[in-house]
>>> print(open('final.pdb').read())   # PDB, C-alpha atoms and all ligand atoms
ATOM      1  CA  MET A  18      -9.210  20.444 -97.400
ATOM      2  CA  THR A  19     -12.425  20.432 -95.433
ATOM      3  CA  SER A  20     -12.056  20.628 -91.693
ATOM      4  CA  CYS A  21     -13.763  18.161 -89.414
ATOM      5  CA  TYR A  22     -17.528  18.691 -89.344
ATOM      6  CA  PRO A  23     -18.621  19.328 -85.757
ATOM      7  CA  TRP A  24     -20.826  16.232 -85.688
ATOM      8  CA  TYR A  25     -17.753  14.042 -86.259
ATOM      9  CA  GLU A  26     -15.555  15.681 -83.650
ATOM     10  CA  GLN A  27     -16.246  12.982 -81.077
ATOM     11  CA  ASN A  28     -15.311  10.336 -83.625
ATOM     12  CA  TRP A  29     -12.115  12.202 -84.368
ATOM     13  CA  GLU A  30     -11.310  12.316 -80.653
ATOM     14  CA  GLN A  31     -11.978   8.612 -80.352
ATOM     15  CA  ILE A  32      -9.472   7.865 -83.121
ATOM     16  CA  ALA A  33      -6.941  10.264 -81.599
ATOM     17  CA  GLN A  34      -7.198   8.460 -78.281
ATOM     18  CA  SER A  35      -6.878   5.042 -79.909
ATOM     19  CA  LEU A  36      -3.735   6.226 -81.683
ATOM     20  CA  GLN A  37      -2.275   7.585 -78.493
ATOM     21  CA  SER A  38      -2.895   4.380 -76.576
ATOM     22  CA  ASP A  39      -1.693   2.318 -79.549
ATOM     23  CA  ARG A  40      -5.033   0.563 -79.807
ATOM     24  CA  MET A  41      -6.148   1.533 -83.255
ATOM     25  CA  PRO A  42      -8.891  -0.674 -84.686
ATOM     26  CA  HIS A  43      -8.165  -2.415 -87.999
ATOM     27  CA  ALA A  44     -11.609  -1.602 -89.276
ATOM     28  CA  VAL A  45     -14.112   1.118 -88.578
ATOM     29  CA  LEU A  46     -17.709   0.957 -89.691
ATOM     30  CA  LEU A  47     -19.008   4.493 -89.999
ATOM     31  CA  VAL A  48     -22.783   4.502 -89.961
ATOM     32  CA  ALA A  49     -24.429   7.804 -90.834
ATOM     33  CA  PRO A  50     -27.361   8.877 -92.990
ATOM     34  CA  ARG A  51     -26.818   9.966 -96.555
ATOM     35  CA  GLY A  52     -26.095  13.680 -96.585
ATOM     36  CA  SER A  53     -24.077  13.769 -93.392
ATOM     37  CA  GLY A  54     -20.670  14.012 -95.082
ATOM     38  CA  LYS A  55     -19.321  10.663 -93.938
ATOM     39  CA  PHE A  56     -17.066  10.250 -96.960
ATOM     40  CA  ASP A  57     -15.562  13.680 -96.291
ATOM     41  CA  PHE A  58     -14.857  12.667 -92.721
ATOM     42  CA  ALA A  59     -13.346   9.328 -93.759
ATOM     43  CA  SER A  60     -11.217  11.101 -96.327
ATOM     44  CA  LEU A  61     -10.035  13.759 -93.848
ATOM     45  CA  LEU A  62      -9.156  11.042 -91.376
ATOM     46  CA  SER A  63      -7.242   9.107 -94.039
ATOM     47  CA  GLN A  64      -5.270  12.120 -95.202
ATOM     48  CA  SER A  65      -4.458  13.034 -91.615
ATOM     49  CA  LEU A  66      -3.242   9.526 -90.779
ATOM     50  CA  LEU A  67      -1.088   9.519 -93.904
ATOM     51  CA  CYS A  68       0.225  13.081 -93.415
ATOM     52  CA  GLN A  69       3.973  13.159 -92.797
ATOM     53  CA  ASP A  70       3.510  15.905 -90.255
ATOM     54  CA  ASN A  71       1.678  13.423 -88.044
ATOM     55  CA  ARG A  72       4.288  10.700 -88.482
ATOM     56  CA  GLY A  73       5.633   9.392 -85.170
ATOM     57  CA  LYS A  74       3.494  11.750 -83.080
ATOM     58  CA  PRO A  75       0.506   9.677 -82.031
ATOM     59  CA  GLU A  76       0.063  11.813 -78.940
ATOM     60  CA  LYS A  77      -0.452  14.924 -81.086
ATOM     61  CA  PHE A  78      -2.742  13.704 -83.822
ATOM     62  CA  LYS A  79      -4.035  16.684 -85.784
ATOM     63  CA  GLN A  80      -5.606  17.448 -89.114
ATOM     64  CA  ALA A  81      -3.437  16.887 -92.186
ATOM     65  CA  CYS A  82      -0.991  19.725 -92.929
ATOM     66  CA  GLY A  83      -2.080  19.914 -96.566
ATOM     67  CA  HIS A  84       1.374  20.539 -98.042
ATOM     68  CA  CYS A  85       3.728  17.639 -97.257
ATOM     69  CA  LYS A  86       4.613  15.099 -99.944
ATOM     70  CA  SER A  87       1.983  12.716 -98.647
ATOM     71  CA  CYS A  88      -0.722  15.393 -98.570
ATOM     72  CA  GLU A  89       0.188  16.457-102.114
ATOM     73  CA  LEU A  90      -0.192  12.886-103.355
ATOM     74  CA  PHE A  91      -3.408  12.498-101.434
ATOM     75  CA  LYS A  92      -4.886  15.617-102.970
ATOM     76  CA  ALA A  93      -3.863  14.420-106.425
ATOM     77  CA  GLN A  94      -5.629  11.108-105.635
ATOM     78  CA  THR A  95      -2.388   9.258-106.287
ATOM     79  CA  HIS A  96      -1.257   8.326-102.787
ATOM     80  CA  PRO A  97      -0.003   4.736-103.119
ATOM     81  CA  ASP A  98      -1.167   3.757 -99.619
ATOM     82  CA  TYR A  99      -4.689   5.068 -99.983
ATOM     83  CA  TYR A 100      -7.424   2.946-101.560
ATOM     84  CA  PRO A 101     -10.840   4.519-101.937
ATOM     85  CA  ILE A 102     -13.182   1.846-103.268
ATOM     86  CA  SER A 103     -16.670   2.348-104.625
ATOM     87  CA  PRO A 104     -18.675   0.918-107.538
ATOM     88  CA  LEU A 105     -16.879   1.451-110.853
ATOM     89  CA  ILE A 106     -18.182   3.691-113.607
ATOM     90  CA  ASP A 107     -19.470   1.863-116.689
ATOM     91  CA  ASP A 108     -18.878   2.745-120.389
ATOM     92  CA  LYS A 109     -21.785   5.161-120.371
ATOM     93  CA  GLY A 110     -20.378   7.083-117.438
ATOM     94  CA  LYS A 111     -22.910   5.715-114.977
ATOM     95  CA  SER A 112     -21.944   4.267-111.642
ATOM     96  CA  LYS A 113     -22.428   0.510-111.415
ATOM     97  CA  GLN A 114     -24.556  -0.852-108.606
ATOM     98  CA  ASN A 115     -22.018  -3.112-106.979
ATOM     99  CA  ILE A 116     -18.425  -3.137-105.892
ATOM    100  CA  ALA A 117     -16.873  -5.951-107.940
ATOM    101  CA  VAL A 118     -15.283  -8.868-106.123
ATOM    102  CA  ASP A 119     -12.090  -8.212-108.108
ATOM    103  CA  GLN A 120     -11.831  -4.757-106.578
ATOM    104  CA  ILE A 121     -11.785  -6.367-103.121
ATOM    105  CA  ARG A 122      -9.318  -9.058-104.167
ATOM    106  CA  HIS A 123      -7.048  -6.421-105.628
ATOM    107  CA  LEU A 124      -7.300  -4.473-102.375
ATOM    108  CA  SER A 125      -6.407  -7.561-100.326
ATOM    109  CA  ASP A 126      -3.326  -8.116-102.485
ATOM    110  CA  LYS A 127      -2.290  -4.506-102.082
ATOM    111  CA  LEU A 128      -2.746  -4.626 -98.318
ATOM    112  CA  ASN A 129      -0.448  -7.629 -98.171
ATOM    113  CA  GLU A 130       2.363  -5.553 -99.615
ATOM    114  CA  LYS A 131       4.463  -3.177 -97.593
ATOM    115  CA  SER A 132       3.451   0.427 -97.115
ATOM    116  CA  HIS A 133       5.122   2.709 -99.669
ATOM    117  CA  PHE A 134       5.742   5.407 -97.086
ATOM    118  CA  ASN A 135       6.360   3.179 -94.143
ATOM    119  CA  GLY A 136       3.159   4.417 -92.553
ATOM    120  CA  TRP A 137      -0.551   3.681 -92.653
ATOM    121  CA  ARG A 138      -2.374   1.948 -95.455
ATOM    122  CA  ILE A 139      -5.971   3.006 -95.632
ATOM    123  CA  ALA A 140      -8.959   1.804 -97.604
ATOM    124  CA  ILE A 141     -12.405   3.383 -97.700
ATOM    125  CA  LEU A 142     -15.268   1.187 -98.867
ATOM    126  CA  SER A 143     -18.199   3.259 -99.914
ATOM    127  CA  PRO A 144     -20.881   2.087 -99.499
ATOM    128  CA  VAL A 145     -20.675  -1.346 -97.889
ATOM    129  CA  SER A 146     -24.166  -2.102 -99.203
ATOM    130  CA  ALA A 147     -22.625  -2.191-102.704
ATOM    131  CA  LEU A 148     -20.816  -5.431-101.832
ATOM    132  CA  LYS A 149     -22.410  -8.628-103.048
ATOM    133  CA  ALA A 150     -21.963 -12.012-101.360
ATOM    134  CA  SER A 151     -18.691 -12.790-103.143
ATOM    135  CA  GLY A 152     -17.361  -9.344-102.265
ATOM    136  CA  PHE A 153     -18.381  -9.847 -98.649
ATOM    137  CA  ASN A 154     -16.482 -13.099 -98.460
ATOM    138  CA  ALA A 155     -13.376 -11.576 -99.966
ATOM    139  CA  LEU A 156     -13.636  -8.674 -97.532
ATOM    140  CA  LEU A 157     -14.050 -10.997 -94.563
ATOM    141  CA  LYS A 158     -10.655 -12.533 -95.303
ATOM    142  CA  THR A 159      -9.068  -9.087 -95.296
ATOM    143  CA  LEU A 160     -10.814  -8.202 -92.059
ATOM    144  CA  GLU A 161      -9.586 -11.389 -90.439
ATOM    145  CA  GLU A 162      -5.981 -10.955 -91.464
ATOM    146  CA  PRO A 163      -5.359  -7.244 -91.778
ATOM    147  CA  GLY A 164      -1.766  -6.298 -92.427
ATOM    148  CA  GLU A 165       0.164  -4.128 -90.050
ATOM    149  CA  ASN A 166      -0.811  -0.444 -89.867
ATOM    150  CA  THR A 167      -3.888  -1.031 -91.940
ATOM    151  CA  LEU A 168      -7.152   0.748 -91.494
ATOM    152  CA  LEU A 169     -10.326  -0.131 -93.363
ATOM    153  CA  ILE A 170     -13.077   2.445 -93.173
ATOM    154  CA  LEU A 171     -16.433   1.022 -94.179
ATOM    155  CA  LEU A 172     -19.251   3.455 -94.875
ATOM    156  CA  SER A 173     -22.923   2.687 -94.597
ATOM    157  CA  ASP A 174     -26.154   4.682 -94.455
ATOM    158  CA  ASN A 175     -27.687   2.073 -92.253
ATOM    159  CA  LEU A 176     -26.371  -0.536 -89.836
ATOM    160  CA  HIS A 177     -28.836  -3.137 -91.080
ATOM    161  CA  GLN A 178     -27.305  -3.033 -94.541
ATOM    162  CA  VAL A 179     -24.156  -4.561 -93.121
ATOM    163  CA  ALA A 180     -23.889  -8.298 -92.538
ATOM    164  CA  PRO A 181     -23.386  -9.245 -88.852
ATOM    165  CA  THR A 182     -20.150 -11.056 -89.711
ATOM    166  CA  ILE A 183     -18.718  -7.772 -91.007
ATOM    167  CA  ARG A 184     -20.193  -5.661 -88.223
ATOM    168  CA  SER A 185     -18.685  -7.817 -85.522
ATOM    169  CA  ARG A 186     -15.197  -7.266 -86.929
ATOM    170  CA  CYS A 187     -15.418  -3.488 -86.971
ATOM    171  CA  GLN A 188     -15.471  -0.702 -84.475
ATOM    172  CA  ILE A 189     -18.822   0.953 -85.100
ATOM    173  CA  MET A 190     -18.914   4.733 -85.191
ATOM    174  CA  ARG A 191     -21.792   7.118 -85.569
ATOM    175  CA  PRO A 192     -21.748  10.879 -85.761
ATOM    176  CA  TYR A 193     -23.220  12.884 -82.937
ATOM    177  CA  ILE A 194     -25.707  15.193 -84.627
ATOM    178  CA  ASP A 195     -26.875  17.881 -82.233
ATOM    179  CA  SER A 196     -29.384  20.005 -84.138
ATOM    180  CA  GLU A 197     -28.524  23.241 -82.335
ATOM    181  CA  SER A 198     -24.839  23.101 -83.084
ATOM    182  CA  VAL A 199     -25.444  21.839 -86.622
ATOM    183  CA  ALA A 200     -27.767  24.805 -87.189
ATOM    184  CA  ASP A 201     -25.089  27.202 -85.917
ATOM    185  CA  TRP A 202     -22.483  25.641 -88.133
ATOM    186  CA  LEU A 203     -24.610  25.645 -91.299
ATOM    187  CA  ALA A 204     -25.853  29.190 -90.657
ATOM    188  CA  THR A 205     -22.320  30.498 -90.149
ATOM    189  CA  ASN A 206     -20.526  28.575 -92.863
ATOM    190  CA  TYR A 207     -23.147  28.895 -95.574
ATOM    191  CA  ASN A 208     -24.570  32.245 -94.635
ATOM    192  CA  HIS A 209     -28.171  31.241 -94.023
ATOM    193  CA  ASP A 210     -30.716  32.542 -91.589
ATOM    194  CA  ARG A 211     -30.548  30.317 -88.533
ATOM    195  CA  ASN A 212     -34.334  29.906 -88.328
ATOM    196  CA  HIS A 213     -34.463  28.759 -91.927
ATOM    197  CA  VAL A 214     -31.713  26.269 -91.191
ATOM    198  CA  ILE A 215     -33.610  24.893 -88.193
ATOM    199  CA  ASP A 216     -36.720  24.546 -90.320
ATOM    200  CA  ALA A 217     -34.764  22.787 -93.092
ATOM    201  CA  LEU A 218     -33.121  20.443 -90.579
ATOM    202  CA  GLU A 219     -36.508  19.480 -89.199
ATOM    203  CA  ARG A 220     -37.775  18.648 -92.652
ATOM    204  CA  CYS A 221     -34.683  16.673 -93.529
ATOM    205  CA  HIS A 222     -34.600  14.530 -90.368
ATOM    206  CA  GLN A 223     -31.648  16.522 -88.975
ATOM    207  CA  VAL A 224     -29.320  15.431 -91.784
ATOM    208  CA  PRO A 225     -26.946  18.396 -92.240
ATOM    209  CA  PHE A 226     -26.210  18.419 -95.978
ATOM    210  CA  ALA A 227     -29.690  17.265 -96.920
ATOM    211  CA  ALA A 228     -30.924  20.375 -95.101
ATOM    212  CA  LEU A 229     -28.375  22.520 -96.912
ATOM    213  CA  ASP A 230     -29.434  21.090-100.244
ATOM    214  CA  TYR A 231     -33.021  21.771 -99.349
ATOM    215  CA  LEU A 232     -32.176  25.365 -98.447
ATOM    216  CA  GLU A 233     -30.096  26.056-101.490
ATOM    217  CA  ASN A 234     -31.795  24.172-104.222
ATOM    218  CA  GLN A 235     -35.335  23.189-104.492
ATOM    219  CA  GLY A 236     -36.922  24.009-101.160
ATOM    220  CA  GLU A 237     -38.878  27.110-102.023
ATOM    221  CA  SER A 238     -39.760  26.440-105.637
ATOM    222  CA  ARG A 239     -40.786  22.883-104.793
ATOM    223  CA  LYS A 240     -42.985  24.185-102.051
ATOM    224  CA  SER A 241     -44.722  26.771-104.217
ATOM    225  CA  GLN A 242     -45.334  24.220-107.001
ATOM    226  CA  LEU A 243     -46.892  21.757-104.605
ATOM    227  CA  PHE A 244     -48.898  24.377-102.754
ATOM    228  CA  ASP A 245     -50.269  25.480-106.097
ATOM    229  CA  LEU A 246     -51.367  21.919-106.873
ATOM    230  CA  PHE A 247     -53.143  21.590-103.518
ATOM    231  CA  ASP A 248     -54.878  24.929-104.178
ATOM    232  CA  GLN A 249     -56.014  23.692-107.559
ATOM    233  CA  VAL A 250     -57.615  20.689-105.866
ATOM    234  CA  LEU A 251     -59.528  22.972-103.528
ATOM    235  CA  LEU A 252     -60.559  25.190-106.420
ATOM    236  CA  ASN A 253     -61.652  22.038-108.300
ATOM    237  CA  GLN A 254     -59.349  22.872-111.191
ATOM    238  CA  LEU A 255     -57.724  19.455-110.761
ATOM    239  CA  ASN A 256     -59.183  16.301-109.287
ATOM    240  CA  PRO A 257     -57.270  14.562-106.481
ATOM    241  CA  LYS A 258     -56.060  11.768-108.729
ATOM    242  CA  GLN A 259     -54.598  14.136-111.330
ATOM    243  CA  ALA A 260     -53.027  16.351-108.692
ATOM    244  CA  LEU A 261     -51.422  13.425-106.960
ATOM    245  CA  GLU A 262     -50.052  11.993-110.177
ATOM    246  CA  MET A 263     -48.528  15.343-111.064
ATOM    247  CA  ALA A 264     -47.159  15.844-107.569
ATOM    248  CA  LEU A 265     -45.582  12.400-107.382
ATOM    249  CA  SER A 266     -44.132  12.490-110.868
ATOM    250  CA  ASP A 267     -42.321  15.778-110.206
ATOM    251  CA  HIS A 268     -41.484  15.318-106.520
ATOM    252  CA  GLY A 269     -40.679  12.376-104.277
ATOM    253  CA  ALA A 270     -43.399  11.015-101.992
ATOM    254  CA  GLU A 271     -41.490  12.321 -98.968
ATOM    255  CA  SER A 272     -41.505  15.849-100.312
ATOM    256  CA  VAL A 273     -45.229  15.624-101.085
ATOM    257  CA  TRP A 274     -45.893  14.533 -97.493
ATOM    258  CA  LEU A 275     -43.784  17.269 -95.985
ATOM    259  CA  ASN A 276     -45.275  19.994 -98.111
ATOM    260  CA  LEU A 277     -48.825  18.807 -97.685
ATOM    261  CA  SER A 278     -48.463  18.877 -93.922
ATOM    262  CA  ASP A 279     -46.867  22.315 -94.174
ATOM    263  CA  TYR A 280     -49.738  23.486 -96.330
ATOM    264  CA  PHE A 281     -52.308  22.333 -93.794
ATOM    265  CA  TYR A 282     -50.305  23.626 -90.885
ATOM    266  CA  LEU A 283     -50.088  27.130 -92.388
ATOM    267  CA  MET A 284     -53.709  27.043 -93.496
ATOM    268  CA  VAL A 285     -54.995  26.021 -90.065
ATOM    269  CA  ALA A 286     -52.827  28.714 -88.475
ATOM    270  CA  GLY A 287     -54.267  31.292 -90.889
ATOM    271  CA  LYS A 288     -50.819  32.014 -92.349
ATOM    272  CA  LEU A 289     -51.174  30.583 -95.826
ATOM    273  CA  LYS A 290     -51.167  33.254 -98.518
ATOM    274  CA  SER A 291     -52.308  32.259-101.994
ATOM    275  CA  LYS A 292     -54.889  32.712-104.686
ATOM    276  CA  ALA A 293     -57.216  30.309-102.859
ATOM    277  CA  GLN A 294     -57.087  32.341 -99.681
ATOM    278  CA  THR A 295     -60.719  33.385 -99.650
ATOM    279  CA  SER A 296     -61.679  29.734-100.036
ATOM    280  CA  TYR A 297     -59.688  28.661 -96.962
ATOM    281  CA  GLN A 298     -61.717  30.992 -94.798
ATOM    282  CA  ARG A 299     -64.954  29.373 -95.891
ATOM    283  CA  ILE A 300     -63.902  25.831 -95.047
ATOM    284  CA  PRO A 301     -65.279  24.574 -91.717
ATOM    285  CA  LYS A 302     -62.455  24.692 -89.157
ATOM    286  CA  VAL A 303     -63.335  21.189 -87.933
ATOM    287  CA  LEU A 304     -62.669  19.774 -91.362
ATOM    288  CA  SER A 305     -59.280  21.508 -91.740
ATOM    289  CA  PHE A 306     -58.198  20.360 -88.273
ATOM    290  CA  ASN A 307     -59.340  16.797 -88.924
ATOM    291  CA  LEU A 308     -57.457  16.599 -92.178
ATOM    292  CA  TYR A 309     -54.338  18.057 -90.606
ATOM    293  CA  ASP A 310     -54.592  15.551 -87.772
ATOM    294  CA  LYS A 311     -55.029  12.656 -90.117
ATOM    295  CA  LEU A 312     -52.058  13.831 -92.132
ATOM    296  CA  ILE A 313     -49.812  13.926 -89.085
ATOM    297  CA  GLN A 314     -50.912  10.439 -88.067
ATOM    298  CA  TYR A 315     -50.198   9.071 -91.529
ATOM    299  CA  GLN A 316     -46.859  10.779 -91.605
ATOM    300  CA  ARG A 317     -45.876   9.249 -88.282
ATOM    301  CA  GLY A 318     -46.874   5.849 -89.621
ATOM    302  CA  GLN A 319     -44.767   6.379 -92.743
ATOM    303  CA  LEU A 320     -41.758   7.411 -90.690
ATOM    304  CA  ALA A 321     -42.207   4.363 -88.480
ATOM    305  CA  GLY A 322     -42.036   2.208 -91.602
ATOM    306  CA  SER A 323     -45.763   1.517 -92.001
ATOM    307  CA  ASN A 324     -46.541  -0.627 -95.006
ATOM    308  CA  LEU A 325     -49.744   1.224 -95.704
ATOM    309  CA  ASN A 326     -49.888   2.599 -99.173
ATOM    310  CA  ALA A 327     -48.665   6.208 -99.139
ATOM    311  CA  HIS A 328     -50.535   6.922-102.356
ATOM    312  CA  ALA A 329     -53.871   5.808-100.867
ATOM    313  CA  GLN A 330     -53.236   7.860 -97.752
ATOM    314  CA  LEU A 331     -52.492  11.001 -99.734
ATOM    315  CA  GLN A 332     -55.705  10.418-101.677
ATOM    316  CA  ALA A 333     -57.577  10.094 -98.373
ATOM    317  CA  ILE A 334     -56.525  13.668 -97.600
ATOM    318  CA  LEU A 335     -56.979  15.195-101.031
ATOM    319  CA  ILE A 336     -60.425  13.725-101.759
ATOM    320  CA  PRO A 337     -62.158  15.426 -98.787
ATOM    321  CA  TRP A 338     -60.190  18.560 -99.687
ATOM    322  CA  TYR A 339     -61.641  18.476-103.190
ATOM    323  CA  GLU A 340     -65.145  17.762-101.829
ATOM    324  CA  ALA A 341     -64.886  20.700 -99.414
ATOM    325  CA  GLY A 342     -63.983  22.935-102.338
ATOM    326  CA  ARG A 343     -66.940  21.682-104.330
ATOM    327  CA  ARG A 344     -69.316  22.414-101.452
ATOM    328  CA  ILE A 345     -68.118  25.954-100.831
ATOM    329  CA  HIS A 346     -68.034  26.839-104.488
ATOM    330  CA  SER A 347     -71.536  25.558-105.117
ATOM    331  CA  GLN A 348     -72.987  27.622-102.297
TER     332      GLN A 348
HETATM  333 ZN    ZN B 401       0.664  16.589 -94.631
END
>>> encode(input="final.pdb", output="structure tokens", more="lines below")
Ligand SMILES: [Zn+2]
Amino acid sequence: MTSCYPWYEQNWEQIAQSLQSDRMPHAVLLVAPRGSGKFDFASLLSQSLLCQDNRGKPEKFKQACGHCKSCELFKAQTHPDYYPISPLIDDKGKSKQNIAVDQIRHLSDKLNEKSHFNGWRIAILSPVSALKASGFNALLKTLEEPGENTLLILLSDNLHQVAPTIRSRCQIMRPYIDSESVADWLATNYNHDRNHVIDALERCHQVPFAALDYLENQGESRKSQLFDLFDQVLLNQLNPKQALEMALSDHGAESVWLNLSDYFYLMVAGKLKSKAQTSYQRIPKVLSFNLYDKLIQYQRGQLAGSNLNAHAQLQAILIPWYEAGRRIHSQ
């Protein structure tokens, strides 16, 4: 069993206090970005509420014991009072896009029955955005008339993906992501250099497991592939259009942005080591600074949800980069 991630500790405390004062909400809407472990937290909370060791001790709510009958059933995914709901898997083994209305109706029926263990009945809906209109309506009924000792935990990456009628019936919870303590936790638990973790967190908008994924999977090789493409543009071995097509087909636009700004940052700071190194030194400083500046401005616009075409903006950086290369190599 995973223990509570530090960024959910406040949420855990909030639930513990609600239990103690006998004011548990019937529905919680947990809003957290993808990669922040919200399902793990919802699952830990569910197991702990169902755990027989916690039965009748609301003042001492603690993490599930892991070995009572209820915990055993939970771990085997067969606890009769626990209903994790997400889009079904189709015949080809792929996840469907939506949660079917029948899944919600079935849940409502189940929640109208008595608890099998005379305790909590808990459903996790993940993600709420997978509900279509009919599913929403079925869910609304359940939210309006929840049975006794019922907790619905709705998960969403984004508050705006949840209809106001659903939102207003839930207690909204968000994790508290403090980058310093997240960095400590990731560095300690996954044995990474703390500075690397901080760097990865910055790139991944402070989302803990996105940063971990970045650190452990593609981060470095992705970076060297993209840096190599940008070098090839400068060396005029690829034109900007080709380079961009290759970059975007192998990597997401976000990764291309991040790595391009890293490339310029390191180059401007004189820290970029590569086969094109002698060429960097011959590029007018003003040009490198201007391009870096422009890049940062574009990136800010993208983060703020600008509708400007990311492709055109990347071209607007790579074309002058290519031209600069042509000038220095023809001298
Ligand atoms: Zn237990």
>>> residues_around(input="final.pdb", residues="Arg122 in chain A", least_positions_apart="2", cutoff="12 Å", atoms="all atoms listed in the file", output="PDB file with C-alpha atoms, in the coordinates of the input")
ATOM      1  CA  ILE A 102     -13.182   1.846-103.268  1.00  0.00           C
ATOM      2  CA  ILE A 116     -18.425  -3.137-105.892  1.00  0.00           C
ATOM      3  CA  ALA A 117     -16.873  -5.951-107.940  1.00  0.00           C
ATOM      4  CA  VAL A 118     -15.283  -8.868-106.123  1.00  0.00           C
ATOM      5  CA  ASP A 119     -12.090  -8.212-108.108  1.00  0.00           C
ATOM      6  CA  GLN A 120     -11.831  -4.757-106.578  1.00  0.00           C
ATOM      7  CA  LEU A 124      -7.300  -4.473-102.375  1.00  0.00           C
ATOM      8  CA  SER A 125      -6.407  -7.561-100.326  1.00  0.00           C
ATOM      9  CA  ASP A 126      -3.326  -8.116-102.485  1.00  0.00           C
ATOM     10  CA  LYS A 127      -2.290  -4.506-102.082  1.00  0.00           C
ATOM     11  CA  LEU A 128      -2.746  -4.626 -98.318  1.00  0.00           C
ATOM     12  CA  ASN A 129      -0.448  -7.629 -98.171  1.00  0.00           C
ATOM     13  CA  SER A 151     -18.691 -12.790-103.143  1.00  0.00           C
ATOM     14  CA  GLY A 152     -17.361  -9.344-102.265  1.00  0.00           C
ATOM     15  CA  PHE A 153     -18.381  -9.847 -98.649  1.00  0.00           C
ATOM     16  CA  ASN A 154     -16.482 -13.099 -98.460  1.00  0.00           C
ATOM     17  CA  ALA A 155     -13.376 -11.576 -99.966  1.00  0.00           C
ATOM     18  CA  LEU A 156     -13.636  -8.674 -97.532  1.00  0.00           C
ATOM     19  CA  LEU A 157     -14.050 -10.997 -94.563  1.00  0.00           C
ATOM     20  CA  LYS A 158     -10.655 -12.533 -95.303  1.00  0.00           C
ATOM     21  CA  THR A 159      -9.068  -9.087 -95.296  1.00  0.00           C
TER      22      THR A 159
END
>>> residues_near_ligand(input="final.pdb", ligand="ligand ZN 401 (chain B)", cutoff="6 Å", atoms="all atoms listed in the file", output="JSON, numbers by chain")
{"A": [68, 69, 70, 81, 82, 83, 84, 85, 87, 88]}
>>> resolve_selection(input="final.pdb", expression="the PyMOL selection byres (((chain A and resi 62) around 9) and not hetatm)", output="NGL selection string")
:A and (21 or 29 or 32 or 57-61 or 63-67 or 80-81)
>>> residues_around(input="final.pdb", residues="Ala180 in chain A", least_positions_apart="3", cutoff="10 Å", atoms="all atoms listed in the file", output="ChimeraX atom specification")
/A:145-146,150,153,176-177,183-185
>>> resolve_selection(input="final.pdb", expression="the PyMOL selection byres (((chain A and resi 343-348) around 12) and not hetatm)", output="ChimeraX atom specification")
/A:249-256,293,295-301,336-342
>>> residues_around(input="final.pdb", residues="Glu219 in chain A", least_positions_apart="5", cutoff="10 Å", atoms="all atoms listed in the file", output="VMD selection string")
chain A and resid 196 213 to 214 224 228
>>> closest_residue(input="final.pdb", among="A:Asn135, A:Pro42, A:Met284, A:Pro97", to="Lys302 in chain A", atoms="all atoms listed in the file")
A:Met284
>>> residues_around(input="final.pdb", residues="Asn307 in chain A", least_positions_apart="3", cutoff="12 Å", atoms="all atoms listed in the file", output="ChimeraX atom specification")
/A:281-282,285,300-304,310-314,333-334,337-338
>>> closest_residue(input="final.pdb", among="A:Val48, A:Leu232, A:Ala227, A:Ala329", to="Arg211 in chain A", atoms="all atoms listed in the file")
A:Leu232
>>> resolve_selection(input="final.pdb", expression="the PyMOL selection byres (((chain A and resi 44-46) around 12) and not hetatm)", output="ChimeraX atom specification")
/A:28,31-32,35,40-43,47-49,55-56,59,62-63,138-146,156-157,159-164,166-181,183-192
>>> atom_distance(input="final.pdb", atom1="CA of His328 in chain A", atom2="CA of Lys258 in chain A")
9.7 Å
>>> atom_distance(input="final.pdb", atom1="CA of Pro75 in chain A", atom2="CA of His133 in chain A")
19.5 Å
>>> closest_residue(input="final.pdb", among="A:Ile194, A:Leu148, A:Ala33, A:Ile121", to="Tyr100 in chain A", atoms="only C-alpha atoms")
A:Ile121
>>> closest_residue(input="final.pdb", among="A:Tyr207, A:Trp202, A:Tyr193, A:Phe306", to="Tyr25 in chain A", atoms="only C-alpha atoms")
A:Tyr193
>>> atom_distance(input="final.pdb", atom1="CA of His268 in chain A", atom2="CA of Leu243 in chain A")
8.6 Å
>>> closest_residue(input="final.pdb", among="A:Ala327, A:Asn206, A:Glu130, A:Leu277", to="Leu229 in chain A", atoms="only C-alpha atoms")
A:Asn206
>>> residues_around(input="final.pdb", residues="Ala264 in chain A", least_positions_apart="3", cutoff="8 Å", atoms="only C-alpha atoms", output="ChimeraX atom specification")
/A:243,246,260-261,267-268,273
>>> write_last_selection(input="final.pdb", atoms="C-alpha atoms", output="compact mmCIF listing (two decimals), keeping the file's coordinate frame")
# COMPACT_ATOMS: atom_id res chain seq x y z
CA LEU A 243 -46.89 21.76 -104.60
CA LEU A 246 -51.37 21.92 -106.87
CA ALA A 260 -53.03 16.35 -108.69
CA LEU A 261 -51.42 13.42 -106.96
CA ASP A 267 -42.32 15.78 -110.21
CA HIS A 268 -41.48 15.32 -106.52
CA VAL A 273 -45.23 15.62 -101.08
>>> closest_residue(input="final.pdb", among="A:Pro104, A:Lys113, A:Leu203, A:Asp245", to="Glu233 in chain A", atoms="only C-alpha atoms")
A:Leu203
>>> decode(input="final.pdb", residues="range 38-50 of chain A", atoms="C-alpha atoms", output="CSV table (one decimal), in the first residue's frame")
chain,number,residue,atom,x,y,z
A,38,SER,CA,-17.0,15.9,13.8
A,39,ASP,CA,-19.4,13.5,12.0
A,40,ARG,CA,-19.6,15.9,9.1
A,41,MET,CA,-18.4,13.8,6.3
A,42,PRO,CA,-19.3,15.1,2.8
A,43,HIS,CA,-21.2,12.7,0.6
A,44,ALA,CA,-19.1,13.6,-2.4
A,45,VAL,CA,-15.6,14.9,-2.8
A,46,LEU,CA,-14.4,16.4,-6.1
A,47,LEU,CA,-10.6,16.0,-6.2
A,48,VAL,CA,-9.1,18.3,-8.7
A,49,ALA,CA,-5.4,17.8,-9.5
A,50,PRO,CA,-3.3,17.7,-12.6
